[in-house]
Each structure stands twice: as structure tokens, then as C-alpha cells.
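In what follows, a single structure is set out as C-alpha cells and then discussed.
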Amino acid sequence: GLHVATTLGAFLASACALIVLATVLCWPVASALGGVPLGRFVRTCVGLYGVAVGTRSSLACLPPMLDAAERRLGIPAEVAGLALPLGVSVFKYGAPIARILGAWFVARLYGVHLDTGALVAMAAALSALSLYTPGVPSGGLLVGAPVFDAFGIPPAAIGLLIAVDIVPDMFITMANVTADLTVTAVVARHVPLAPSGASATTAAVPT
């Protein structure tokens, strides 16, 4: 029991620390590449973190993200209305960090040896599966069950991760919100929009 608790505690501390670091790294990217003042972007994200923590769902965060992108960051509705729903659907920025670490920790707990090649392959598989993860609490854990089985990790180990997933999943959702807003800000700055009233066909023709 103590070994399990120690292993899960180490996983929680490592996962949360890495996800927070990945989240903070998005802030200067949004400022440098997206042209959004750093202070404004951070305040906007912090204002959304309450929803992220409370719901643990990227989908639930979408409506306030759309509102914040348009009203607080000045992102055109045409860009926010496309980039944010797409990002929420497929861009699970924080999920691979927690899922890969979780798989590694439970593999050690169950005595499953994974060499470097197996670790790289497992990380690639879990990262790819994150694109298909539903934006609901702990959705990525169940999606990763076939990967656990393929690498000799008992799928029952997912039950241990689910038991403590409420904590890293909060941080994962915060990271996803931050990353989606970062990408949207970068797209808004570097993708030109058609003039108001112009048709899509007209906008596509070079002048």
C-alpha cells in the first residue's frame, strides 16, 4: 500500500509540475508570435482557469474561450470561431504529458520493464491517441487502454490512474485552454482575412 501511494504521489507531483511548465511556456509564445500583450494574455487565461478546473472539460470551456478571445484579446470572430472549436476537438496540449508519465509510473509499479525503444513507441502512440480523446473528464485514460495492453501493462492499472486523475486533469484542461488561445492568437495575426463583404472566391484571387 505504501509503495502504491508513494508511486502515485510521485506521478501526481511530476505530472502537475510539467503541465504547469508547459502552460507557462505558452504565454510568451502568444505574446511574441501572436502579438498579444503578455499581461493581457495572462489575465485572460487566468480568468478562464476557474472554468477549466471546475469542469475538467475543454468542451465546457469553449463558450467562455470564444467570448474572451473576441472581447479581451481582440481576435476576429471569423478566426476564433474556426480555430478554437478545432483546437478543442483535436489539440489536447497537456494530455500527452500526463498520460505518458502515468503509463511509465504504473509500468514500474507492476514491474513491467520498458526499454528506450518501447518508451518512445508508447509515447508516440499515446500522443497520437490524444487527437481522438473526447473533451470530457479523464477521457484520455480509457482511450489509452489498448496501448497499455500492447506494451504488457495490465489495463487494470488504468483504475489506479482514474482514482487520482481529478488532480492532473484540472491542470491538463488549463494547459489545453492556454494552448488553444495561443494558437488562435498566432493564427489571427498571421492569416489575412478577406475584406468585409468580399466573397471567399474574390479573396482567394491575388491582386
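Scheme for the C-alpha cells: letters A, B, ... for chains in order shown; per-chain residue numbers from 1; ligand numbers from 1 in order shown.
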Sel. of alpha helix (DSSP H) residues, region 8-197 of chain A, as a ChimeraX atom specification: /A:8-34,38-55,58-71,77-90,95-109,116-129,139-143,145-150,157-164,166-190
Surrounding residues of region 109-121 of chain A excluding itself and chain neighbours under 5 positions, 9 Å, only C-alpha atoms, as a ChimeraX atom specification: /A:3-4,7,100,104,126,151-154,157
Write the selection just made, keeping N, CA and C atoms, as a PDB file, in the first residue's frame?
ATOM      1  N   HIS A   3       3.886   1.545  -1.062  1.00  0.00           N
ATOM      2  CA  HIS A   3       4.594   1.652  -2.340  1.00  0.00           C
ATOM      3  C   HIS A   3       3.679   2.245  -3.410  1.00  0.00           C
ATOM      4  N   VAL A   4       2.422   1.791  -3.429  1.00  0.00           N
ATOM      5  CA  VAL A   4       1.461   2.328  -4.395  1.00  0.00           C
ATOM      6  C   VAL A   4       1.236   3.813  -4.152  1.00  0.00           C
ATOM      7  N   THR A   7       4.276   5.831  -5.236  1.00  0.00           N
ATOM      8  CA  THR A   7       4.391   5.896  -6.691  1.00  0.00           C
ATOM      9  C   THR A   7       3.376   6.868  -7.281  1.00  0.00           C
ATOM     10  N   ILE A 100       1.581   9.873 -20.708  1.00  0.00           N
ATOM     11  CA  ILE A 100       2.852   9.163 -20.857  1.00  0.00           C
ATOM     12  C   ILE A 100       3.499   8.923 -19.496  1.00  0.00           C
ATOM     13  N   TRP A 104       4.203   5.254 -17.631  1.00  0.00           N
ATOM     14  CA  TRP A 104       5.540   4.881 -17.163  1.00  0.00           C
ATOM     15  C   TRP A 104       5.535   4.521 -15.676  1.00  0.00           C
ATOM     16  N   LEU A 126       0.543   7.160 -27.473  1.00  0.00           N
ATOM     17  CA  LEU A 126      -0.342   7.923 -26.589  1.00  0.00           C
ATOM     18  C   LEU A 126      -0.519   9.358 -27.084  1.00  0.00           C
ATOM     19  N   PHE A 151       1.762  -2.979 -24.657  1.00  0.00           N
ATOM     20  CA  PHE A 151       3.104  -2.938 -24.077  1.00  0.00           C
ATOM     21  C   PHE A 151       3.211  -3.752 -22.789  1.00  0.00           C
ATOM     22  N   GLY A 152       2.235  -4.601 -22.555  1.00  0.00           N
ATOM     23  CA  GLY A 152       2.326  -5.510 -21.424  1.00  0.00           C
ATOM     24  C   GLY A 152       1.942  -4.923 -20.089  1.00  0.00           C
ATOM     25  N   ILE A 153       1.360  -3.738 -20.075  1.00  0.00           N
ATOM     26  CA  ILE A 153       0.902  -3.120 -18.828  1.00  0.00           C
ATOM     27  C   ILE A 153      -0.543  -3.538 -18.604  1.00  0.00           C
ATOM     28  N   PRO A 154      -0.872  -4.126 -17.477  1.00  0.00           N
ATOM     29  CA  PRO A 154      -2.254  -4.573 -17.250  1.00  0.00           C
ATOM     30  C   PRO A 154      -3.238  -3.413 -17.391  1.00  0.00           C
ATOM     31  N   ALA A 157      -4.472  -1.308 -14.532  1.00  0.00           N
ATOM     32  CA  ALA A 157      -3.710  -0.198 -13.951  1.00  0.00           C
ATOM     33  C   ALA A 157      -4.376   1.138 -14.220  1.00  0.00           C
TER      34      ALA A 157
END
d(CA of Val46 (chain A), CA of Ala83 (chain A)) in Å: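 Going from CA of Val46 (chain A) over to CA of Ala83 (chain A), I get 20.0 Å.
Comparing A:Arg56, A:Arg43, A:Arg108, A:Arg189 by their smallest distance to Ala68 (chain A), the closest is A:Arg43 (using only C-alpha atoms).
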Using only C-alpha atoms: which of A:Ala156, A:Leu8, A:Leu181, A:Ala13 has the shortest distance to Cys61 (chain A): A:Leu181
Spatial neighbours of Ala30 (chain A), max dist 7 Å, only C-alpha atoms, sep filter under 4 positions, as a list in words: Cys26, Gly34, Gly35, Val36, Thr182, Ala185 and Val186 of chain A
Output N, CA, C and O atoms for every residue in that selection, as a compact mmCIF listing (two decimals), in the first residue's frame.
# COMPACT_ATOMS: atom_id res chain seq x y z
N CYS A 26 3.50 28.72 -22.88
CA CYS A 26 2.61 29.24 -23.92
C CYS A 26 2.47 30.76 -23.85
O CYS A 26 2.21 31.40 -24.87
N GLY A 34 1.91 35.91 -31.41
CA GLY A 34 0.51 36.31 -31.60
C GLY A 34 0.27 37.79 -31.47
O GLY A 34 -0.82 38.28 -31.78
N GLY A 35 1.29 38.52 -31.00
CA GLY A 35 1.16 39.96 -30.90
C GLY A 35 0.23 40.43 -29.79
O GLY A 35 -0.21 41.59 -29.80
N VAL A 36 -0.07 39.57 -28.82
CA VAL A 36 -0.94 39.95 -27.72
C VAL A 36 -0.08 40.39 -26.55
O VAL A 36 0.88 39.69 -26.19
N THR A 182 -3.46 30.37 -27.46
CA THR A 182 -2.17 30.76 -28.05
C THR A 182 -2.19 30.53 -29.56
O THR A 182 -1.81 31.42 -30.34
N ALA A 185 -4.42 33.05 -31.29
CA ALA A 185 -3.81 34.37 -31.40
C ALA A 185 -2.77 34.41 -32.52
O ALA A 185 -2.68 35.39 -33.28
N VAL A 186 -1.98 33.36 -32.64
CA VAL A 186 -0.96 33.30 -33.71
C VAL A 186 -1.63 33.26 -35.08
O VAL A 186 -1.20 33.95 -36.01
Pick from A:Ala95, A:Ala77, A:Ala123, A:Ala103, whichever lies nearest to Asp149 (chain A) using only C-alpha atoms: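 Ranked by minimum distance to Asp149 (chain A), first place goes to A:Ala103.
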Counting only C-alpha atoms, the residue of A:Ala17, A:Leu59, A:Val183, A:Leu12 that sits nearest Ala32 (chain A):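 Checking each candidate against Ala32 (chain A), we get A:Val183 as the closest.
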Enumerate, in order of chain and increasing residue number, the residues of region 13-48 of chain A with an atom no farther than 7 Å from region 164-175 of chain A, each with its shortest atom pair and distance in Å to one decimal, counting only C-alpha atoms, as CSV.
residue,atom,partner,partner_atom,distance
A:Ala15,CA,A:Pro168,CA,6.6
A:Cys16,CA,A:Pro168,CA,5.7
A:Ile19,CA,A:Phe171,CA,6.5
A:Val20,CA,A:Phe171,CA,6.9
A:Thr23,CA,A:Ala175,CA,4.9
Interatomic distance (Å, one decimal) between CA of Ala188 (chain A) and CA of Val53 (chain A):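 According to the coordinates, CA of Ala188 (chain A) and CA of Val53 (chain A) are separated by 26.7 Å.
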Atomic distance CA of Leu131 (chain A) - CA of Val147 (chain A), expressed in Å with one decimal: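 Rounded to one decimal, the two atoms are 14.4 Å apart.
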Which of A:Val90, A:Ala52, A:Val143, A:Leu84 sits closest to Asp67 (chain A) [using only C-alpha atoms]: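 Residue with the minimum atom-to-atom distance to Asp67 (chain A): A:Leu84.
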